[in-house]
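Participant: For reference, this is data_30.pdb, and it has PDB, C-alpha atoms.
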ATOM      1  CA  MET A   1      95.387 122.726  92.583
ATOM      2  CA  SER A   2      95.945 125.229  95.381
ATOM      3  CA  VAL A   3      99.434 126.102  96.639
ATOM      4  CA  ARG A   4      98.788 124.285  99.901
ATOM      5  CA  ASP A   5      97.628 121.188  98.055
ATOM      6  CA  SER A   6     100.803 121.054  95.989
ATOM      7  CA  PHE A   7     102.920 121.324  99.178
ATOM      8  CA  LYS A   8     100.892 118.531 100.735
ATOM      9  CA  LYS A   9     101.389 116.284  97.708
ATOM     10  CA  GLY A  10     105.124 116.850  97.770
ATOM     11  CA  SER A  11     105.459 115.771 101.397
ATOM     12  CA  LEU A  12     102.958 112.907 101.392
ATOM     13  CA  GLU A  13     105.560 110.170 100.962
ATOM     14  CA  MET A  14     107.566 111.534 103.881
ATOM     15  CA  LEU A  15     104.477 111.811 106.104
ATOM     16  CA  ILE A  16     103.391 108.249 105.366
ATOM     17  CA  LEU A  17     106.846 106.872 106.158
ATOM     18  CA  VAL A  18     107.079 108.922 109.362
ATOM     19  CA  LEU A  19     103.833 107.439 110.597
ATOM     20  CA  LEU A  20     104.715 103.893 109.621
ATOM     21  CA  GLN A  21     107.985 104.240 111.503
ATOM     22  CA  GLY A  22     105.824 104.401 114.617
ATOM     23  CA  GLY A  23     104.132 101.071 113.811
ATOM     24  CA  ASP A  24     102.013  99.281 111.249
ATOM     25  CA  LYS A  25      98.929 101.153 110.156
ATOM     26  CA  TYR A  26      96.059 100.834 107.706
ATOM     27  CA  GLY A  27      94.956 103.436 105.172
ATOM     28  CA  TYR A  28      92.243 105.194 107.119
ATOM     29  CA  GLU A  29      94.399 105.246 110.228
ATOM     30  CA  ILE A  30      97.213 106.987 108.301
ATOM     31  CA  SER A  31      94.796 109.540 106.871
ATOM     32  CA  GLN A  32      93.248 110.279 110.279
ATOM     33  CA  THR A  33      96.576 110.495 112.102
ATOM     34  CA  ILE A  34      97.955 113.005 109.595
ATOM     35  CA  GLY A  35      94.900 115.195 110.109
ATOM     36  CA  ASP A  36      94.921 114.859 113.925
ATOM     37  CA  ARG A  37      98.642 115.499 114.442
ATOM     38  CA  SER A  38      98.678 118.474 112.062
ATOM     39  CA  SER A  39      95.629 119.997 113.823
ATOM     40  CA  SER A  40      93.682 119.538 110.592
ATOM     41  CA  VAL A  41      96.072 121.742 108.603
ATOM     42  CA  ILE A  42      97.001 118.745 106.476
ATOM     43  CA  THR A  43      93.915 116.783 105.571
ATOM     44  CA  MET A  44      93.568 114.410 102.689
ATOM     45  CA  PRO A  45      90.950 111.922 101.621
ATOM     46  CA  GLU A  46      91.969 108.348 102.230
ATOM     47  CA  GLY A  47      91.864 107.499  98.531
ATOM     48  CA  SER A  48      94.650 109.958  97.768
ATOM     49  CA  LEU A  49      97.038 107.924  99.974
ATOM     50  CA  TYR A  50      96.745 104.725  97.997
ATOM     51  CA  PRO A  51      98.690 105.748  94.892
ATOM     52  CA  THR A  52     101.669 106.687  97.087
ATOM     53  CA  LEU A  53     101.277 103.561  99.226
ATOM     54  CA  TYR A  54     101.150 101.462  96.057
ATOM     55  CA  ARG A  55     104.325 103.043  94.721
ATOM     56  CA  LEU A  56     106.178 102.662  98.029
ATOM     57  CA  GLU A  57     105.220  99.018  98.039
ATOM     58  CA  LYS A  58     106.470  98.539  94.483
ATOM     59  CA  GLU A  59     109.763 100.136  95.496
ATOM     60  CA  LYS A  60     109.942  97.780  98.495
ATOM     61  CA  CYS A  61     109.966 100.625 101.019
ATOM     62  CA  ILE A  62     106.884  99.155 102.673
ATOM     63  CA  THR A  63     104.991  95.886 102.579
ATOM     64  CA  SER A  64     101.326  95.165 103.128
ATOM     65  CA  TYR A  65      99.467  92.321 104.740
ATOM     66  CA  LYS A  66      95.868  91.473 105.457
ATOM     67  CA  LYS A  67      94.612  91.159 108.997
ATOM     68  CA  LEU A  68      91.312  89.680 110.037
ATOM     69  CA  VAL A  69      89.016  92.282 111.547
ATOM     70  CA  GLY A  70      85.827  90.979 113.070
ATOM     71  CA  GLU A  71      84.473  87.696 111.785
ATOM     72  CA  ARG A  72      84.915  87.878 108.042
ATOM     73  CA  ARG A  73      86.370  91.240 107.159
ATOM     74  CA  THR A  74      90.039  91.785 106.351
ATOM     75  CA  ARG A  75      91.962  94.990 106.549
ATOM     76  CA  VAL A  76      95.186  95.878 104.734
ATOM     77  CA  TYR A  77      97.990  97.011 107.012
ATOM     78  CA  TYR A  78     101.233  98.611 105.895
ATOM     79  CA  HIS A  79     104.617  97.895 107.407
ATOM     80  CA  MET A  80     107.860  99.853 107.116
ATOM     81  CA  GLU A  81     110.843  98.035 105.596
ATOM     82  CA  PRO A  82     114.580  98.840 105.973
ATOM     83  CA  LEU A  83     114.590 100.455 102.533
ATOM     84  CA  GLY A  84     111.724 102.660 103.715
ATOM     85  CA  GLU A  85     113.741 103.737 106.743
ATOM     86  CA  LYS A  86     116.586 104.743 104.459
ATOM     87  CA  ARG A  87     114.203 106.608 102.160
ATOM     88  CA  LEU A  88     112.678 108.433 105.128
ATOM     89  CA  HIS A  89     116.058 109.688 106.329
ATOM     90  CA  THR A  90     116.851 110.959 102.837
ATOM     91  CA  LEU A  91     113.481 112.699 102.524
ATOM     92  CA  VAL A  92     113.742 114.381 105.927
ATOM     93  CA  TYR A  93     117.277 115.534 105.147
ATOM     94  CA  GLU A  94     116.237 116.939 101.760
ATOM     95  CA  TYR A  95     113.182 118.564 103.303
ATOM     96  CA  ASN A  96     115.306 120.337 105.927
ATOM     97  CA  VAL A  97     117.812 121.515 103.318
ATOM     98  CA  VAL A  98     115.074 122.941 101.090
ATOM     99  CA  ASN A  99     113.130 124.357 104.029
ATOM    100  CA  ASN A 100     116.209 126.192 105.367
ATOM    101  CA  ALA A 101     116.896 127.639 101.922
ATOM    102  CA  ILE A 102     113.311 128.823 101.598
ATOM    103  CA  GLN A 103     113.431 130.349 105.074
ATOM    104  CA  LYS A 104     116.509 132.379 104.049
ATOM    105  CA  LEU A 105     114.729 133.645 100.966
ATOM    106  CA  LEU A 106     111.619 134.509 102.934
ATOM    107  CA  LYS A 107     113.745 136.374 105.475
ATOM    108  CA  ASP A 108     115.060 138.590 102.674
ATOM    109  CA  PHE A 109     111.527 139.056 101.366
ATOM    110  CA  GLN A 110     110.231 140.040 104.796
ATOM    111  CA  SER A 111     113.152 142.482 105.257
ATOM    112  CA  GLU A 112     112.354 144.173 101.938
ATOM    113  CA  GLY A 113     108.690 144.272 102.784
ATOM    114  CA  SER A 114     109.308 146.044 106.072
ATOM    115  CA  MET A 115     111.305 148.864 104.392
TER
ATOM    116  CA  MET B   1      72.851  99.241  98.143
ATOM    117  CA  PRO B   2      76.469  99.305  99.327
ATOM    118  CA  ASP B   3      77.754  96.822  96.721
ATOM    119  CA  ALA B   4      76.287  98.807  93.848
ATOM    120  CA  ASN B   5      77.910 102.008  95.124
ATOM    121  CA  LEU B   6      81.216 100.241  95.633
ATOM    122  CA  HIS B   7      81.244  98.829  92.120
ATOM    123  CA  LYS B   8      80.154 102.100  90.564
ATOM    124  CA  TYR B   9      82.834 104.044  92.430
ATOM    125  CA  LEU B  10      85.595 101.561  91.571
ATOM    126  CA  LYS B  11      84.448 101.385  87.952
ATOM    127  CA  GLU B  12      84.741 105.157  87.682
ATOM    128  CA  ILE B  13      88.313 105.062  88.946
ATOM    129  CA  LYS B  14      89.118 102.150  86.632
ATOM    130  CA  ASN B  15      87.778 104.071  83.627
ATOM    131  CA  TYR B  16      90.163 106.921  84.325
ATOM    132  CA  LEU B  17      93.192 104.646  84.761
ATOM    133  CA  THR B  18      95.192 104.383  81.539
ATOM    134  CA  CYS B  19      97.644 101.696  82.539
ATOM    135  CA  PRO B  20      98.015  97.909  82.141
ATOM    136  CA  GLU B  21      95.214  95.771  83.570
ATOM    137  CA  GLU B  22      97.530  94.061  86.043
ATOM    138  CA  GLU B  23      98.532  97.413  87.565
ATOM    139  CA  LYS B  24      94.872  98.473  87.764
ATOM    140  CA  ARG B  25      93.877  95.247  89.453
ATOM    141  CA  LYS B  26      96.619  95.402  92.090
ATOM    142  CA  PHE B  27      95.966  99.060  92.892
ATOM    143  CA  LEU B  28      92.200  98.709  93.100
ATOM    144  CA  GLU B  29      92.429  95.587  95.262
ATOM    145  CA  GLU B  30      93.761  97.528  98.251
ATOM    146  CA  LEU B  31      91.441 100.460  97.768
ATOM    147  CA  GLU B  32      88.467  98.113  97.463
ATOM    148  CA  SER B  33      89.300  96.505 100.797
ATOM    149  CA  SER B  34      89.094  99.891 102.558
ATOM    150  CA  ILE B  35      85.924 100.938 100.783
ATOM    151  CA  ASP B  36      84.376  97.598 101.628
ATOM    152  CA  GLU B  37      85.110  98.148 105.301
ATOM    153  CA  PHE B  38      83.676 101.661 105.205
ATOM    154  CA  LEU B  39      80.475 100.441 103.569
ATOM    155  CA  ALA B  40      80.167  97.622 106.097
ATOM    156  CA  ASP B  41      80.220 100.238 108.874
ATOM    157  CA  HIS B  42      78.028 102.655 106.899
ATOM    158  CA  PRO B  43      75.543 100.519 104.943
ATOM    159  CA  HIS B  44      73.459 103.541 103.912
ATOM    160  CA  ALA B  45      76.398 105.491 102.548
ATOM    161  CA  THR B  46      75.851 107.114  99.182
ATOM    162  CA  GLU B  47      78.315 107.741  96.400
ATOM    163  CA  ALA B  48      78.713 111.290  97.729
ATOM    164  CA  ASP B  49      79.793 109.833 101.087
ATOM    165  CA  LEU B  50      82.351 107.687  99.301
ATOM    166  CA  VAL B  51      83.720 110.722  97.492
ATOM    167  CA  HIS B  52      83.890 112.676 100.749
ATOM    168  CA  ARG B  53      85.802 109.900 102.530
ATOM    169  CA  PHE B  54      88.004 108.577  99.743
ATOM    170  CA  GLY B  55      88.137 111.394  97.220
ATOM    171  CA  ASP B  56      87.062 112.065  93.691
ATOM    172  CA  PRO B  57      87.580 109.044  91.330
ATOM    173  CA  ALA B  58      89.258 111.172  88.665
ATOM    174  CA  GLY B  59      91.579 112.691  91.291
ATOM    175  CA  ILE B  60      92.575 109.285  92.660
ATOM    176  CA  ALA B  61      93.286 107.969  89.155
ATOM    177  CA  GLN B  62      95.292 111.069  88.306
ATOM    178  CA  SER B  63      97.368 110.724  91.494
ATOM    179  CA  PHE B  64      98.058 107.099  90.655
ATOM    180  CA  LEU B  65      99.177 107.876  87.114
ATOM    181  CA  GLN B  66     101.383 110.727  88.355
ATOM    182  CA  GLU B  67     103.040 108.383  90.840
ATOM    183  CA  GLU B  68     104.057 106.025  88.048
ATOM    184  CA  ASP B  69     107.452 106.855  86.635
ATOM    185  CA  PHE B  70     106.850 108.863  83.477
ATOM    186  CA  LYS B  71     109.525 106.976  81.506
ATOM    187  CA  GLU B  72     108.040 103.675  82.621
ATOM    188  CA  VAL B  73     104.583 104.758  81.473
ATOM    189  CA  GLN B  74     105.953 105.954  78.134
ATOM    190  CA  GLU B  75     107.782 102.673  77.625
ATOM    191  CA  LYS B  76     104.672 100.655  78.470
ATOM    192  CA  ILE B  77     102.571 102.667  76.044
ATOM    193  CA  ARG B  78     105.249 102.299  73.351
ATOM    194  CA  LEU B  79     105.496  98.525  73.825
ATOM    195  CA  LYS B  80     101.735  98.138  73.832
ATOM    196  CA  GLY B  81     101.496 100.164  70.616
ATOM    197  CA  ARG B  82     104.184  98.054  68.981
ATOM    198  CA  VAL B  83     102.436  94.789  69.899
ATOM    199  CA  ILE B  84      99.123  96.089  68.596
ATOM    200  CA  ARG B  85     100.748  97.152  65.299
ATOM    201  CA  ILE B  86     102.420  93.772  64.805
ATOM    202  CA  LEU B  87      99.190  91.908  65.547
ATOM    203  CA  SER B  88      97.198  94.156  63.190
ATOM    204  CA  VAL B  89      99.617  93.554  60.312
ATOM    205  CA  ALA B  90      99.622  89.794  60.953
ATOM    206  CA  ILE B  91      95.811  89.671  60.947
ATOM    207  CA  LEU B  92      95.701  91.737  57.739
ATOM    208  CA  VAL B  93      98.179  89.458  55.971
ATOM    209  CA  LEU B  94      96.343  86.308  57.091
ATOM    210  CA  THR B  95      92.985  87.717  55.999
ATOM    211  CA  ALA B  96      94.366  88.719  52.583
ATOM    212  CA  ALA B  97      95.932  85.265  52.133
ATOM    213  CA  ALA B  98      92.645  83.576  53.083
ATOM    214  CA  VAL B  99      90.687  85.730  50.599
ATOM    215  CA  ILE B 100      93.139  85.058  47.750
ATOM    216  CA  LEU B 101      93.310  81.314  48.364
ATOM    217  CA  GLY B 102      89.556  81.110  48.761
ATOM    218  CA  GLY B 103      89.066  82.974  45.503
ATOM    219  CA  ILE B 104      91.428  80.657  43.635
ATOM    220  CA  PHE B 105      89.609  77.631  45.017
ATOM    221  CA  VAL B 106      86.184  78.952  43.962
ATOM    222  CA  ILE B 107      87.318  79.891  40.461
ATOM    223  CA  ASP B 108      89.050  76.570  40.022
ATOM    224  CA  THR B 109      86.084  74.523  41.186
ATOM    225  CA  PHE B 110      83.240  76.210  39.288
ATOM    226  CA  SER B 111      84.822  77.491  36.092
ATOM    227  CA  PHE B 112      87.209  74.801  34.821
ATOM    228  CA  ASN B 113      85.883  71.639  36.453
ATOM    229  CA  HIS B 114      89.458  70.808  37.492
ATOM    230  CA  GLY B 115      90.632  70.790  33.782
ATOM    231  CA  GLN B 116      88.792  67.655  32.841
ATOM    232  CA  TYR B 117      86.490  67.278  29.810
ATOM    233  CA  LYS B 118      84.111  64.418  29.941
ATOM    234  CA  GLU B 119      83.253  62.437  26.825
ATOM    235  CA  SER B 120      80.606  59.799  26.530
ATOM    236  CA  ILE B 121      79.573  57.530  23.725
ATOM    237  CA  GLY B 122      76.188  55.882  23.988
ATOM    238  CA  LYS B 123      76.142  52.076  23.657
ATOM    239  CA  GLY B 124      74.440  50.473  20.662
ATOM    240  CA  GLU B 125      74.303  53.620  18.565
ATOM    241  CA  ARG B 126      74.826  53.194  14.904
ATOM    242  CA  PRO B 127      77.377  55.398  13.271
ATOM    243  CA  GLU B 128      75.914  58.086  11.092
ATOM    244  CA  ASN B 129      77.323  56.744   7.832
ATOM    245  CA  SER B 130      75.358  53.456   7.942
ATOM    246  CA  ALA B 131      74.889  53.446   4.102
ATOM    247  CA  ILE B 132      78.616  52.914   3.584
ATOM    248  CA  LEU B 133      78.694  50.024   6.048
ATOM    249  CA  GLN B 134      75.840  48.190   4.282
ATOM    250  CA  THR B 135      77.726  48.225   0.933
ATOM    251  CA  TYR B 136      80.417  46.006   2.389
TER
END
Could the structure of this file be written out as structure tokens, please?

Facilitator:
Amino acid sequence: MSVRDSFKKGSLEMLILVLLQGGDKYGYEISQTIGDRSSSVITMPEGSLYPTLYRLEKEKCITSYKKLVGERRTRVYYHMEPLGEKRLHTLVYEYNVVNNAIQKLLKDFQSEGSM
Amino acid sequence: MPDANLHKYLKEIKNYLTCPEEEKRKFLEELESSIDEFLADHPHATEADLVHRFGDPAGIAQSFLQEEDFKEVQEKIRLKGRVIRILSVAILVLTAAAVILGGIFVIDTFSFNHGQYKESIGKGERPENSAILQTY
């Protein structure tokens, strides 16, 4: 797995919850929105979302429901729950803490590099 | 043949999933719904198209197993192993008991005739020592 891929995996839960905070979405919609809003920097096949969606549902952070699309087809939509909101705040906080720490380390690295 | 591709793709993922059947079923149900929709919009899609859109089956299964809590997975595997061991021992004991009892039954029936010895005396037969009888 590339370095970028491992970063993506680590933030997937947070990205899914951020998008669901904006409204109910289905799997493909989540996958497309992540790609569009990140200017294609973060792209992931739709199938890779489902394990995380499944786990979030088990942990009651989100719920799913089927909606009729067209005449006979149904689509699974995901909805954010209060526990998911709480989880999102924790994840964003932790992300900022870690990100700031990494930025400090990188600053030192860049300073040494410029010498 | 969209259905054939769908089933083949899902079967591949299922083969890689080493978890209880109930978990597999629930997980694949949601994925199947999305794949179904994709194939309805793209009836000529091939398996390669499915992989491009949804990802590699092995990768999806691996992501799913990684998402499961490691302790939970270990516990499930341990419990499953324990149940299998208990069932195996029970079947072994029952089979051994059936063989032993069956053997006793066969030996008893064909060798000893249930411990009975049959005697028969023919009617109207003269005793061997008829000369002695005639004297008196």

Participant: May I ask you to extract the residues of chain B within 8 Å of chain A, using all atoms listed in the file, and to give them as an MDAnalysis selection string?

Facilitator: chainID B and resid 27 30:31 33:34 37 52:55 59:60 63:64 67:68

Participant: For the structure provided, state which residues fall under the PyMOL selection byres ((chain B and resi 8-14) around 8), and present them as a CSV table (one decimal) with C-alpha atoms, in the frame of the given file.

Facilitator:
chain,number,residue,atom,x,y,z
B,4,ALA,CA,76.3,98.8,93.8
B,5,ASN,CA,77.9,102.0,95.1
B,6,LEU,CA,81.2,100.2,95.6
B,7,HIS,CA,81.2,98.8,92.1
B,15,ASN,CA,87.8,104.1,83.6
B,16,TYR,CA,90.2,106.9,84.3
B,17,LEU,CA,93.2,104.6,84.8
B,24,LYS,CA,94.9,98.5,87.8
B,28,LEU,CA,92.2,98.7,93.1
B,32,GLU,CA,88.5,98.1,97.5
B,47,GLU,CA,78.3,107.7,96.4
B,50,LEU,CA,82.4,107.7,99.3
B,57,PRO,CA,87.6,109.0,91.3
B,58,ALA,CA,89.3,111.2,88.7
B,60,ILE,CA,92.6,109.3,92.7
B,61,ALA,CA,93.3,108.0,89.2

Participant: Could you check the closest approach to B:His42 for each of B:Ala98, B:Thr109, B:Glu23, B:Asp3 and tell me which residue wins, using all atoms listed in the file?

Facilitator: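 Smallest distance to B:His42 is found for B:Asp3.
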
Participant: Please evaluate the PyMOL selection byres ((chain A and resi 19) around 12) against the structure above and give the resulting residues as a ChimeraX atom specification.

Facilitator: /A:12-18,20-27,29-35,37,62,78-80,84-85,88

Participant: Which value, in Å to one decimal, gives the distance between atom CA of B:Glu29 and atom CA of A:Thr63?

Facilitator: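 About the pair atom CA of B:Glu29 and atom CA of A:Thr63: they are 14.5 Å apart.
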